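Colleague: structure-v7.cif is the file, holding mmCIF, C-alpha atoms:
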data_work
loop_
_atom_site.label_atom_id
_atom_site.label_comp_id
_atom_site.auth_asym_id
_atom_site.auth_seq_id
_atom_site.Cartn_x
_atom_site.Cartn_y
_atom_site.Cartn_z
CA MET K 29 -72.61 -131.88 20.94
CA THR K 30 -72.69 -128.14 21.68
CA VAL K 31 -71.50 -126.69 24.97
CA ALA K 32 -75.08 -125.86 26.05
CA SER K 33 -76.44 -129.32 25.26
CA ASN K 34 -73.49 -130.96 26.99
CA PHE K 35 -74.13 -128.74 30.01
CA ARG K 36 -77.83 -129.69 30.12
CA SER K 37 -77.00 -133.36 29.78
CA LYS K 38 -74.48 -133.19 32.61
CA THR K 39 -76.92 -131.27 34.81
CA GLN K 40 -79.54 -134.00 34.37
CA PHE K 41 -76.96 -136.65 35.16
CA MET K 42 -75.91 -134.92 38.37
CA LYS K 43 -79.52 -134.79 39.57
CA SER K 44 -79.62 -138.58 39.70
CA TRP K 45 -75.98 -139.23 40.55
CA LYS K 46 -75.48 -141.19 43.77
CA PRO K 47 -71.88 -140.85 44.93
CA GLN K 48 -70.15 -143.70 46.68
CA ARG K 49 -69.16 -141.27 49.43
CA PRO K 50 -70.52 -137.78 50.12
CA PRO K 51 -68.72 -134.91 48.35
CA SER K 52 -67.19 -132.26 50.58
CA ASN K 53 -68.97 -128.95 51.13
CA ARG K 54 -66.24 -127.23 49.15
CA ASP K 55 -66.92 -129.40 46.09
CA ARG K 56 -70.69 -128.96 46.43
CA LEU K 57 -70.28 -125.20 46.57
CA GLU K 58 -67.98 -125.29 43.54
CA LEU K 59 -70.63 -127.08 41.48
CA TYR K 60 -73.31 -124.75 42.74
CA ALA K 61 -71.26 -121.65 41.84
CA LEU K 62 -70.45 -122.86 38.33
CA HIS K 63 -74.07 -123.83 37.69
CA LYS K 64 -75.41 -120.48 38.88
CA GLN K 65 -72.82 -118.60 36.82
CA SER K 66 -73.82 -120.66 33.79
CA VAL K 67 -77.55 -119.99 34.03
CA SER K 68 -77.70 -116.59 35.77
CA GLY K 69 -74.43 -114.79 35.11
CA ASP K 70 -72.69 -112.76 37.82
CA ALA K 71 -73.89 -112.96 41.41
CA PRO K 72 -75.45 -109.96 43.19
CA ILE K 73 -72.94 -107.80 45.02
CA SER K 74 -74.80 -107.58 48.34
CA ASP K 75 -76.49 -110.27 50.43
CA PRO K 76 -80.26 -110.23 50.97
CA PRO K 77 -81.21 -108.87 54.42
CA ALA K 78 -82.64 -112.19 55.61
CA ALA K 79 -79.89 -114.39 54.15
CA SER K 80 -79.00 -117.39 56.27
CA VAL K 81 -75.50 -118.69 56.85
CA ALA K 82 -76.05 -121.26 54.09
CA ASP K 83 -77.31 -118.60 51.66
CA LYS K 84 -74.29 -116.41 52.33
CA ALA K 85 -71.91 -119.31 51.78
CA LYS K 86 -73.54 -120.08 48.43
CA LEU K 87 -73.49 -116.43 47.37
CA ASN K 88 -69.82 -116.12 48.32
CA ALA K 89 -69.00 -119.19 46.27
CA TRP K 90 -71.00 -117.81 43.33
CA ARG K 91 -69.16 -114.47 43.53
CA THR K 92 -65.83 -116.23 43.05
CA LYS K 93 -66.93 -116.89 39.44
CA MET K 94 -67.72 -113.24 38.73
CA GLY K 95 -66.58 -112.19 35.26
CA LEU K 96 -66.61 -115.73 33.89
CA SER K 97 -68.64 -115.96 30.69
CA GLN K 98 -71.63 -118.28 30.72
CA GLN K 99 -70.12 -120.51 28.05
CA ASP K 100 -66.84 -120.83 29.98
CA ALA K 101 -68.81 -121.52 33.14
CA MET K 102 -70.71 -124.31 31.38
CA GLU K 103 -67.48 -125.89 30.21
CA ALA K 104 -65.96 -125.58 33.68
CA TYR K 105 -69.11 -127.11 35.19
CA VAL K 106 -68.87 -130.17 32.92
CA VAL K 107 -65.19 -130.63 33.75
CA GLU K 108 -65.86 -130.26 37.47
CA CYS K 109 -68.71 -132.80 37.31
CA GLU K 110 -66.45 -135.34 35.64
CA ARG K 111 -63.74 -134.73 38.23
CA GLN K 112 -66.12 -135.27 41.14
CA VAL K 113 -67.67 -138.38 39.62
CA GLN K 114 -64.17 -139.77 39.17
CA LEU K 115 -63.15 -138.75 42.69
CA TYR K 116 -66.24 -139.88 44.65
CA GLY K 117 -67.33 -142.81 42.49
CA THR K 118 -70.88 -143.96 41.82
CA ARG K 119 -72.94 -146.17 44.10
CA ASP K 120 -74.70 -148.99 42.26
CA ASP K 121 -77.96 -150.65 43.29
CA GLY K 122 -75.98 -153.75 44.12
CA SER K 123 -73.83 -151.78 46.59
CA ARG K 124 -70.86 -152.21 44.30
CA SER K 125 -69.26 -148.88 43.68
CA SER K 126 -67.77 -147.82 40.38
CA SER K 127 -66.20 -144.63 39.17
CA ALA K 128 -66.65 -142.96 35.81
CA GLY K 129 -64.31 -143.55 32.90
CA GLY K 130 -63.55 -147.26 33.26
CA THR K 131 -62.57 -147.40 36.90
CA ASP K 132 -64.05 -150.90 37.18
CA GLN K 133 -61.45 -152.19 34.73
CA GLN K 134 -58.69 -150.50 36.69
CA GLN K 135 -59.97 -152.11 39.88
CA GLN K 136 -59.98 -155.56 38.30
CA HIS K 137 -56.47 -155.05 36.97
CA GLN K 138 -55.19 -153.87 40.36
CA GLN K 139 -56.88 -156.70 42.22
CA SER K 140 -55.53 -159.32 39.83
CA SER K 141 -52.02 -157.91 40.27
CA GLY K 142 -52.34 -157.78 44.05
CA GLY K 143 -52.00 -154.01 44.21
CA PRO K 144 -54.01 -151.62 46.34
CA THR K 145 -57.31 -150.34 45.01
CA SER K 146 -57.98 -146.64 45.35
CA THR K 147 -61.74 -147.05 45.50
CA GLN K 148 -61.86 -149.28 48.57
CA SER K 149 -64.06 -147.51 51.03
CA THR K 150 -66.07 -148.11 54.17
CA PRO K 151 -69.48 -149.32 52.90
CA MET K 152 -68.46 -152.96 53.49
CA TYR K 153 -67.64 -152.14 57.11
CA HIS K 154 -69.99 -150.35 59.47
CA SER K 155 -67.80 -148.34 61.82
CA THR K 156 -69.10 -146.52 64.86
CA THR K 157 -67.76 -143.32 63.31
CA PRO K 158 -70.89 -141.77 61.72
CA GLN K 159 -70.91 -141.08 57.99
CA ASN K 160 -72.42 -137.64 58.60
CA THR K 161 -69.31 -136.22 60.21
CA PRO K 162 -68.83 -132.51 59.57
CA ALA K 163 -67.42 -132.56 56.05
CA ALA K 164 -69.89 -135.22 54.99
CA ALA K 165 -73.05 -134.02 56.71
CA ALA K 166 -74.86 -132.98 53.55
CA SER K 167 -77.28 -135.44 52.01
CA GLN K 168 -75.74 -137.99 49.66
CA ASN K 169 -78.64 -138.00 47.27
CA ASN K 170 -79.29 -134.29 46.84
CA ASN K 171 -77.00 -133.27 44.03
CA ASN K 172 -79.14 -130.87 42.05
CA ASP K 173 -77.05 -127.71 41.82
CA ASP K 174 -80.07 -125.47 41.46
CA ASN K 175 -81.76 -126.86 44.54
CA ASP K 176 -81.05 -124.84 47.69
CA ASN K 177 -81.00 -127.98 49.80
CA SER K 178 -78.32 -129.64 47.70
CA VAL K 179 -75.55 -127.34 48.85
CA LEU K 180 -75.60 -127.38 52.41
CA LEU K 181 -73.45 -126.97 54.64
CA CYS K 182 -72.31 -129.14 57.45
CA PRO K 183 -73.20 -128.18 60.98
CA ARG K 184 -70.77 -125.43 61.87
CA GLY K 185 -69.39 -124.18 65.15
CA LEU K 186 -71.24 -125.46 68.20
CA ALA K 187 -73.63 -127.50 66.06
CA ALA K 188 -70.72 -129.69 64.92
CA ILE K 189 -69.59 -130.63 68.44
CA PRO K 190 -71.99 -133.61 68.83
CA LEU K 191 -70.71 -135.03 65.54
CA LEU K 192 -67.11 -134.65 66.65
CA CYS K 193 -67.97 -136.33 69.95
CA ALA K 194 -69.53 -139.21 68.02
CA ALA K 195 -66.33 -139.53 65.98
CA ALA K 196 -64.27 -139.56 69.18
CA SER K 197 -66.39 -142.41 70.58
CA GLU K 198 -65.07 -144.80 67.93
CA SER K 199 -63.54 -147.82 69.66
CA ARG K 200 -59.98 -148.92 68.98
CA SER K 201 -61.08 -152.09 67.17
CA ALA K 202 -63.49 -150.09 65.00
CA TYR K 203 -60.75 -147.53 64.28
CA LEU K 204 -58.31 -150.25 63.21
CA ALA K 205 -60.91 -152.00 61.07
CA ARG K 206 -61.81 -148.71 59.36
CA LEU K 207 -58.18 -148.03 58.52
CA GLN K 208 -57.88 -151.44 56.92
CA VAL K 209 -60.45 -150.51 54.26
CA THR K 210 -59.46 -146.86 53.81
CA HIS K 211 -57.15 -145.71 51.04
CA PRO K 212 -54.46 -143.15 52.03
CA SER K 213 -56.07 -140.50 49.82
CA ASN K 214 -59.48 -141.02 51.43
CA GLY K 215 -58.76 -140.52 55.13
CA TRP K 216 -61.33 -139.06 57.52
CA TRP K 217 -59.25 -136.02 58.40
CA ALA K 218 -58.53 -135.30 54.73
CA LYS K 219 -62.23 -134.54 54.23
CA GLN K 220 -62.54 -132.07 57.10
CA GLU K 221 -62.52 -128.30 56.85
CA PRO K 222 -62.65 -125.36 59.30
CA LEU K 223 -65.94 -125.06 61.18
CA CYS K 224 -65.52 -121.76 63.01
CA LEU K 225 -64.66 -119.45 60.11
CA GLU K 226 -64.63 -119.53 56.33
CA VAL K 227 -61.73 -121.42 54.76
CA ASN K 228 -60.25 -118.29 53.13
CA ASN K 229 -60.33 -116.29 56.39
CA PRO K 230 -56.80 -115.76 57.78
CA LEU K 231 -58.12 -116.28 61.32
CA SER K 232 -58.96 -119.89 60.41
CA ILE K 233 -55.25 -120.75 60.17
CA PRO K 234 -55.05 -122.30 63.71
CA GLU K 235 -58.01 -124.55 62.95
CA LYS K 236 -56.55 -125.51 59.57
CA LEU K 237 -53.28 -126.29 61.35
CA ILE K 238 -55.06 -128.68 63.75
CA ILE K 239 -56.77 -130.44 60.85
CA GLY K 240 -53.59 -130.48 58.75
CA ILE K 241 -51.41 -132.08 61.44
CA ALA K 242 -54.06 -134.70 62.22
CA CYS K 243 -54.46 -135.37 58.49
CA GLN K 244 -50.73 -135.99 58.05
CA ILE K 245 -50.61 -138.34 61.06
CA GLU K 246 -53.58 -140.28 59.69
CA ARG K 247 -52.00 -140.41 56.24
CA ILE K 248 -48.76 -141.84 57.69
CA SER K 249 -50.80 -144.48 59.50
CA LEU K 250 -52.63 -145.41 56.30
CA LEU K 251 -49.42 -145.50 54.25
CA VAL K 252 -47.82 -147.80 56.81
CA SER K 253 -50.76 -150.17 56.44
CA GLU K 254 -50.65 -149.86 52.65
CA TYR K 255 -46.95 -150.58 52.12
CA MET K 256 -45.91 -152.54 55.19
CA GLY K 257 -49.02 -154.60 55.43
CA HIS K 258 -48.91 -156.09 51.92
CA GLY K 259 -45.37 -157.39 51.78
CA HIS K 260 -43.94 -154.27 50.14
CA ALA K 261 -41.51 -153.66 52.97
CA VAL K 262 -40.11 -155.45 55.98
CA SER K 263 -40.78 -153.85 59.33
CA LEU K 264 -39.87 -154.82 62.88
CA LEU K 265 -43.03 -153.05 64.05
CA SER K 266 -46.42 -154.31 62.96
CA PRO K 267 -48.52 -151.65 61.17
CA ARG K 268 -51.46 -152.62 63.35
CA VAL K 269 -49.44 -151.85 66.48
CA LEU K 270 -48.51 -148.41 65.15
CA GLN K 271 -52.13 -147.70 64.19
CA ALA K 272 -53.33 -148.78 67.63
CA PHE K 273 -50.86 -146.30 69.13
CA LEU K 274 -52.21 -143.53 66.88
CA TRP K 275 -55.85 -144.19 67.88
CA PRO K 276 -55.60 -142.06 71.08
CA VAL K 277 -53.72 -139.41 69.08
CA HIS K 278 -56.73 -139.25 66.73
CA ASN K 279 -59.02 -138.70 69.73
CA VAL K 280 -56.72 -136.07 71.24
CA PHE K 281 -56.85 -134.02 68.05
CA LEU K 282 -60.64 -134.31 67.99
CA SER K 283 -60.73 -132.98 71.55
CA ILE K 284 -58.38 -130.13 70.66
CA TRP K 285 -60.66 -129.27 67.74
CA ILE K 286 -63.71 -129.25 70.01
CA LEU K 287 -61.87 -127.05 72.50
CA TRP K 288 -60.87 -124.63 69.76
CA ILE K 289 -64.49 -124.35 68.57
CA LEU K 290 -65.58 -123.43 72.11
CA ILE K 291 -62.77 -120.88 72.48
CA CYS K 292 -63.66 -119.25 69.14
CA THR K 293 -67.33 -119.13 70.10
CA TYR K 294 -66.63 -117.37 73.39
CA LEU K 295 -64.09 -114.97 71.84
CA GLY K 296 -66.53 -114.12 69.07
CA SER K 297 -69.25 -113.52 71.64
CA ILE K 298 -66.96 -111.21 73.63
CA VAL K 299 -66.17 -109.19 70.51
CA SER K 300 -69.85 -108.93 69.58
CA MET K 301 -70.88 -107.92 73.09
CA SER K 302 -68.14 -105.29 73.22
CA GLN K 303 -69.30 -103.82 69.92
CA THR K 304 -72.90 -103.76 71.14
CA LEU K 305 -71.94 -102.04 74.39
CA LEU K 306 -69.83 -99.45 72.56
CA PHE K 307 -72.02 -98.71 69.54
CA GLY K 308 -75.48 -99.87 70.62
CA ALA K 309 -77.68 -102.74 69.49
CA LYS K 310 -79.29 -100.72 66.67
CA ARG K 311 -75.99 -100.13 64.90
CA THR K 312 -74.56 -103.61 65.40
CA ASN K 313 -77.91 -105.42 64.97
CA THR K 314 -76.85 -107.87 67.69
CA PRO K 315 -78.76 -107.32 70.94
CA LEU K 316 -77.15 -108.73 74.06
CA GLY K 317 -80.18 -110.93 74.71
CA ARG K 318 -79.81 -112.62 71.34
CA LEU K 319 -76.11 -113.19 71.94
CA PHE K 320 -76.87 -114.97 75.20
CA LEU K 321 -79.64 -117.05 73.66
CA GLU K 322 -77.82 -118.01 70.45
CA GLU K 323 -74.20 -118.29 71.58
CA ILE K 324 -73.48 -118.13 75.31
CA LEU K 325 -76.20 -120.52 76.53
CA PRO K 326 -75.70 -123.08 73.71
CA ALA K 327 -71.95 -123.03 74.43
CA ALA K 328 -72.62 -123.65 78.12
CA ARG K 329 -74.91 -126.58 77.27
CA ALA K 330 -72.25 -127.94 74.89
CA VAL K 331 -69.63 -127.84 77.66
CA GLU K 332 -72.00 -129.67 80.03
CA SER K 333 -72.62 -132.35 77.39
CA LEU K 334 -68.87 -132.88 77.01
CA CYS K 335 -68.63 -133.81 80.69
CA GLU K 336 -71.32 -136.50 80.55
CA GLN K 337 -70.34 -139.99 81.61
CA HIS K 338 -70.74 -141.64 78.20
CA GLN K 339 -68.16 -139.34 76.58
CA THR K 340 -64.58 -140.50 76.05
CA ILE K 341 -61.89 -139.37 78.51
CA SER K 342 -60.29 -136.93 76.06
CA VAL K 343 -63.65 -135.27 75.36
CA ARG K 344 -64.44 -135.00 79.08
CA MET K 345 -61.04 -133.41 79.65
CA SER K 346 -61.93 -130.79 77.03
CA GLY K 347 -65.22 -130.17 78.81
CA LEU K 348 -63.45 -129.68 82.12
#
Let's see the structure in the file written out as structure tokens.
Modeller:
Amino acid sequence: MTVASNFRSKTQFMKSWKPQRPPSNRDRLELYALHKQSVSGDAPISDPPAASVADKAKLNAWRTKMGLSQQDAMEAYVVECERQVQLYGTRDDGSRSSSAGGTDQQQQHQQSSGGPTSTQSTPMYHSTTPQNTPAAAASQNNNNDDNDNSVLLCPRGLAAIPLLCAAASESRSAYLARLQVTHPSNGWWAKQEPLCLEVNNPLSIPEKLIIGIACQIERISLLVSEYMGHGHAVSLLSPRVLQAFLWPVHNVFLSIWILWILICTYLGSIVSMSQTLLFGAKRTNTPLGRLFLEEILPAARAVESLCEQHQTISVRMSGL
């Protein structure tokens, strides 16, 4: 099979592929960029005047492939597709997930030997933590790389705060039950990414640090359950007790993340307003009225929503 025919075959497959769990935005953008480089060559240097945030993100991802030949891009696209199918699995009609390349046989072998299975996931358990949390907010079924709706982006900035609040509302029993069916490599925090700035922006380091620390804590909790909960090690402390202790830590980091998003929004608004006052709205293209309507007022409403009675204590503390 030639490279082009293999590329077309894989593109058709990805249109109908239903992953067991939603791919991250980063992986969606990677597929989009490789597909666009394969069929259209190098990306335009400048953004269209009316480009949305999603359009700019897709163009930036496409530009990272600049200089890559179309044949190399096709080969890279096929390899990336196979990696993602292996990583995210495939959801069957019978709700039994399977990954590409014989993962079912590996599962059966691991189950028969009593070992952990890497494809255990949450579909068998309905947690109160929503599946459309920030890194997984894109549609599960839209995987056509050439479709603008297939690469889109999770709610960012203030728009992500309600999803983070929903994640923080997860009860302790639901949190513990979710950890029981989650593999250490498939933790919730491991799928998150910065929401205030682009990942490659140096100013996103504090946000990446928040996510990274929370990810490591969650991973330790999952590893404790994996190795101490199956007779692999003897422990004086039950893994479930340790995980119950880490449940409020999980919520505290969610609240810190929410607080950081609000701080970044206000700081960004201050910078934009200062530029407008110094250079004028015509040069900056950001009138003060639009800043108040699109950033200041939504941030104020977000803070008010954090203080509502149904929110968890840690979220209300962030609102205060």
Colleague: Name the residues in contact with stretch 100-111 of chain K at a cut-off of 10 Å, using only C-alpha atoms, excluding same-chain residues fewer than 2 positions from it; report them as a VMD selection string.
Modeller: chain K and resid 31 to 39 41 to 42 55 58 to 67 69 93 95 to 98 113 to 117 127 to 129
Colleague: Within 12 Å of (-68.0, -119.5, 48.0) (coordinates as in the file), grab all the protein and nucleic acid residues, counting only C-alpha atoms, and write them out as a compact mmCIF listing (two decimals) with C-alpha atoms, in the coordinates of the input.
Modeller:
# COMPACT_ATOMS: atom_id res chain seq x y z
CA ASN K 53 -68.97 -128.95 51.13
CA ARG K 54 -66.24 -127.23 49.15
CA ASP K 55 -66.92 -129.40 46.09
CA ARG K 56 -70.69 -128.96 46.43
CA LEU K 57 -70.28 -125.20 46.57
CA GLU K 58 -67.98 -125.29 43.54
CA LEU K 59 -70.63 -127.08 41.48
CA TYR K 60 -73.31 -124.75 42.74
CA ALA K 61 -71.26 -121.65 41.84
CA LEU K 62 -70.45 -122.86 38.33
CA LYS K 64 -75.41 -120.48 38.88
CA ALA K 71 -73.89 -112.96 41.41
CA VAL K 81 -75.50 -118.69 56.85
CA ALA K 82 -76.05 -121.26 54.09
CA ASP K 83 -77.31 -118.60 51.66
CA LYS K 84 -74.29 -116.41 52.33
CA ALA K 85 -71.91 -119.31 51.78
CA LYS K 86 -73.54 -120.08 48.43
CA LEU K 87 -73.49 -116.43 47.37
CA ASN K 88 -69.82 -116.12 48.32
CA ALA K 89 -69.00 -119.19 46.27
CA TRP K 90 -71.00 -117.81 43.33
CA ARG K 91 -69.16 -114.47 43.53
CA THR K 92 -65.83 -116.23 43.05
CA LYS K 93 -66.93 -116.89 39.44
CA MET K 94 -67.72 -113.24 38.73
CA VAL K 179 -75.55 -127.34 48.85
CA LEU K 180 -75.60 -127.38 52.41
CA LEU K 181 -73.45 -126.97 54.64
CA GLU K 226 -64.63 -119.53 56.33
CA VAL K 227 -61.73 -121.42 54.76
CA ASN K 228 -60.25 -118.29 53.13
CA ASN K 229 -60.33 -116.29 56.39
Colleague: Between K:Ile248, K:Ala218, K:Ile289, K:Ile284, single out the one closest to K:Ala327, counting all atoms listed in the file.
Modeller: K:Ile289
Colleague: Restricting the calculation to all atoms listed in the file: of K:Pro50, K:Pro212, K:Pro222, K:Pro230, which residue gets closest to K:Gln244?
Modeller: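 Closest to K:Gln244 of all the choices is K:Pro212.
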Colleague: Near K:Phe273, within 12 Å and counting all atoms listed in the file, which residues show up once chain neighbours fewer than 6 positions away are dropped, as a list in words?
Modeller: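 With the cut-off at 12 Å, the set is Arg200, Ser201, Tyr203, Leu204, Ile245, Glu246, Ser249, Leu265, Ser266, Pro267, Asn279 and Val280 of chain K.
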Colleague: Leaving out K:His278 and any residue of its chain fewer than 2 positions from it, which residues lie within 9 Å of it when counting only C-alpha atoms, given as JSON, numbers by chain?
Modeller: {"K": [196, 242, 245, 246, 274, 275, 276, 280, 281, 282, 283]}
Colleague: Carefully work through the PyMOL selection byres ((chain K and resi 297-300) around 8) for this structure and note down the residues it includes, as a PyMOL selection string.
Modeller: chain K and resi 293-296+301-304+314+319+323-324
Colleague: What gap, in Å, lies between atom CA of K:Pro190 and atom CA of K:Leu334?
Modeller: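 Going from atom CA of K:Pro190 over to atom CA of K:Leu334 covers 8.8 Å.
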Colleague: Could you add the missing atoms to stretch 232-252 of chain K, up to N, CA and C atoms, and return them as a CSV table (one decimal), keeping the file's coordinate frame?
Modeller:
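Output file selection-v8.csv is given in full below:
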chain,number,residue,atom,x,y,z
K,232,SER,N,-58.7,-118.4,60.4
K,232,SER,CA,-59.0,-119.9,60.4
K,232,SER,C,-57.7,-120.7,60.3
K,233,ILE,N,-56.5,-120.0,60.3
K,233,ILE,CA,-55.2,-120.8,60.2
K,233,ILE,C,-55.0,-121.7,61.3
K,234,PRO,N,-55.3,-121.3,62.6
K,234,PRO,CA,-55.0,-122.3,63.7
K,234,PRO,C,-55.9,-123.6,63.5
K,235,GLU,N,-57.1,-123.4,63.1
K,235,GLU,CA,-58.0,-124.6,63.0
K,235,GLU,C,-57.5,-125.4,61.8
K,236,LYS,N,-57.1,-124.8,60.7
K,236,LYS,CA,-56.6,-125.5,59.6
K,236,LYS,C,-55.3,-126.2,60.0
K,237,LEU,N,-54.5,-125.6,60.9
K,237,LEU,CA,-53.3,-126.3,61.4
K,237,LEU,C,-53.6,-127.6,62.1
K,238,ILE,N,-54.6,-127.5,63.0
K,238,ILE,CA,-55.1,-128.7,63.8
K,238,ILE,C,-55.5,-129.8,62.8
K,239,ILE,N,-56.3,-129.4,61.8
K,239,ILE,CA,-56.8,-130.4,60.8
K,239,ILE,C,-55.6,-131.0,60.0
K,240,GLY,N,-54.7,-130.1,59.6
K,240,GLY,CA,-53.6,-130.5,58.8
K,240,GLY,C,-52.6,-131.5,59.4
K,241,ILE,N,-52.3,-131.2,60.7
K,241,ILE,CA,-51.4,-132.1,61.4
K,241,ILE,C,-52.1,-133.4,61.6
K,242,ALA,N,-53.3,-133.4,62.0
K,242,ALA,CA,-54.1,-134.7,62.2
K,242,ALA,C,-54.2,-135.5,60.9
K,243,CYS,N,-54.4,-134.7,59.8
K,243,CYS,CA,-54.5,-135.4,58.5
K,243,CYS,C,-53.1,-136.1,58.1
K,244,GLN,N,-52.0,-135.4,58.4
K,244,GLN,CA,-50.7,-136.0,58.0
K,244,GLN,C,-50.4,-137.2,58.9
K,245,ILE,N,-50.8,-137.2,60.2
K,245,ILE,CA,-50.6,-138.3,61.1
K,245,ILE,C,-51.5,-139.5,60.6
K,246,GLU,N,-52.7,-139.2,60.2
K,246,GLU,CA,-53.6,-140.3,59.7
K,246,GLU,C,-53.0,-140.8,58.4
K,247,ARG,N,-52.5,-140.0,57.5
K,247,ARG,CA,-52.0,-140.4,56.2
K,247,ARG,C,-50.8,-141.3,56.4
K,248,ILE,N,-49.9,-141.0,57.4
K,248,ILE,CA,-48.8,-141.8,57.7
K,248,ILE,C,-49.2,-143.2,58.1
K,249,SER,N,-50.3,-143.2,59.0
K,249,SER,CA,-50.8,-144.5,59.5
K,249,SER,C,-51.4,-145.3,58.4
K,250,LEU,N,-52.1,-144.7,57.4
K,250,LEU,CA,-52.6,-145.4,56.3
K,250,LEU,C,-51.5,-145.9,55.3
K,251,LEU,N,-50.5,-145.1,55.1
K,251,LEU,CA,-49.4,-145.5,54.2
K,251,LEU,C,-48.7,-146.7,54.8
K,252,VAL,N,-48.5,-146.7,56.2
K,252,VAL,CA,-47.8,-147.8,56.8
K,252,VAL,C,-48.6,-149.1,56.6
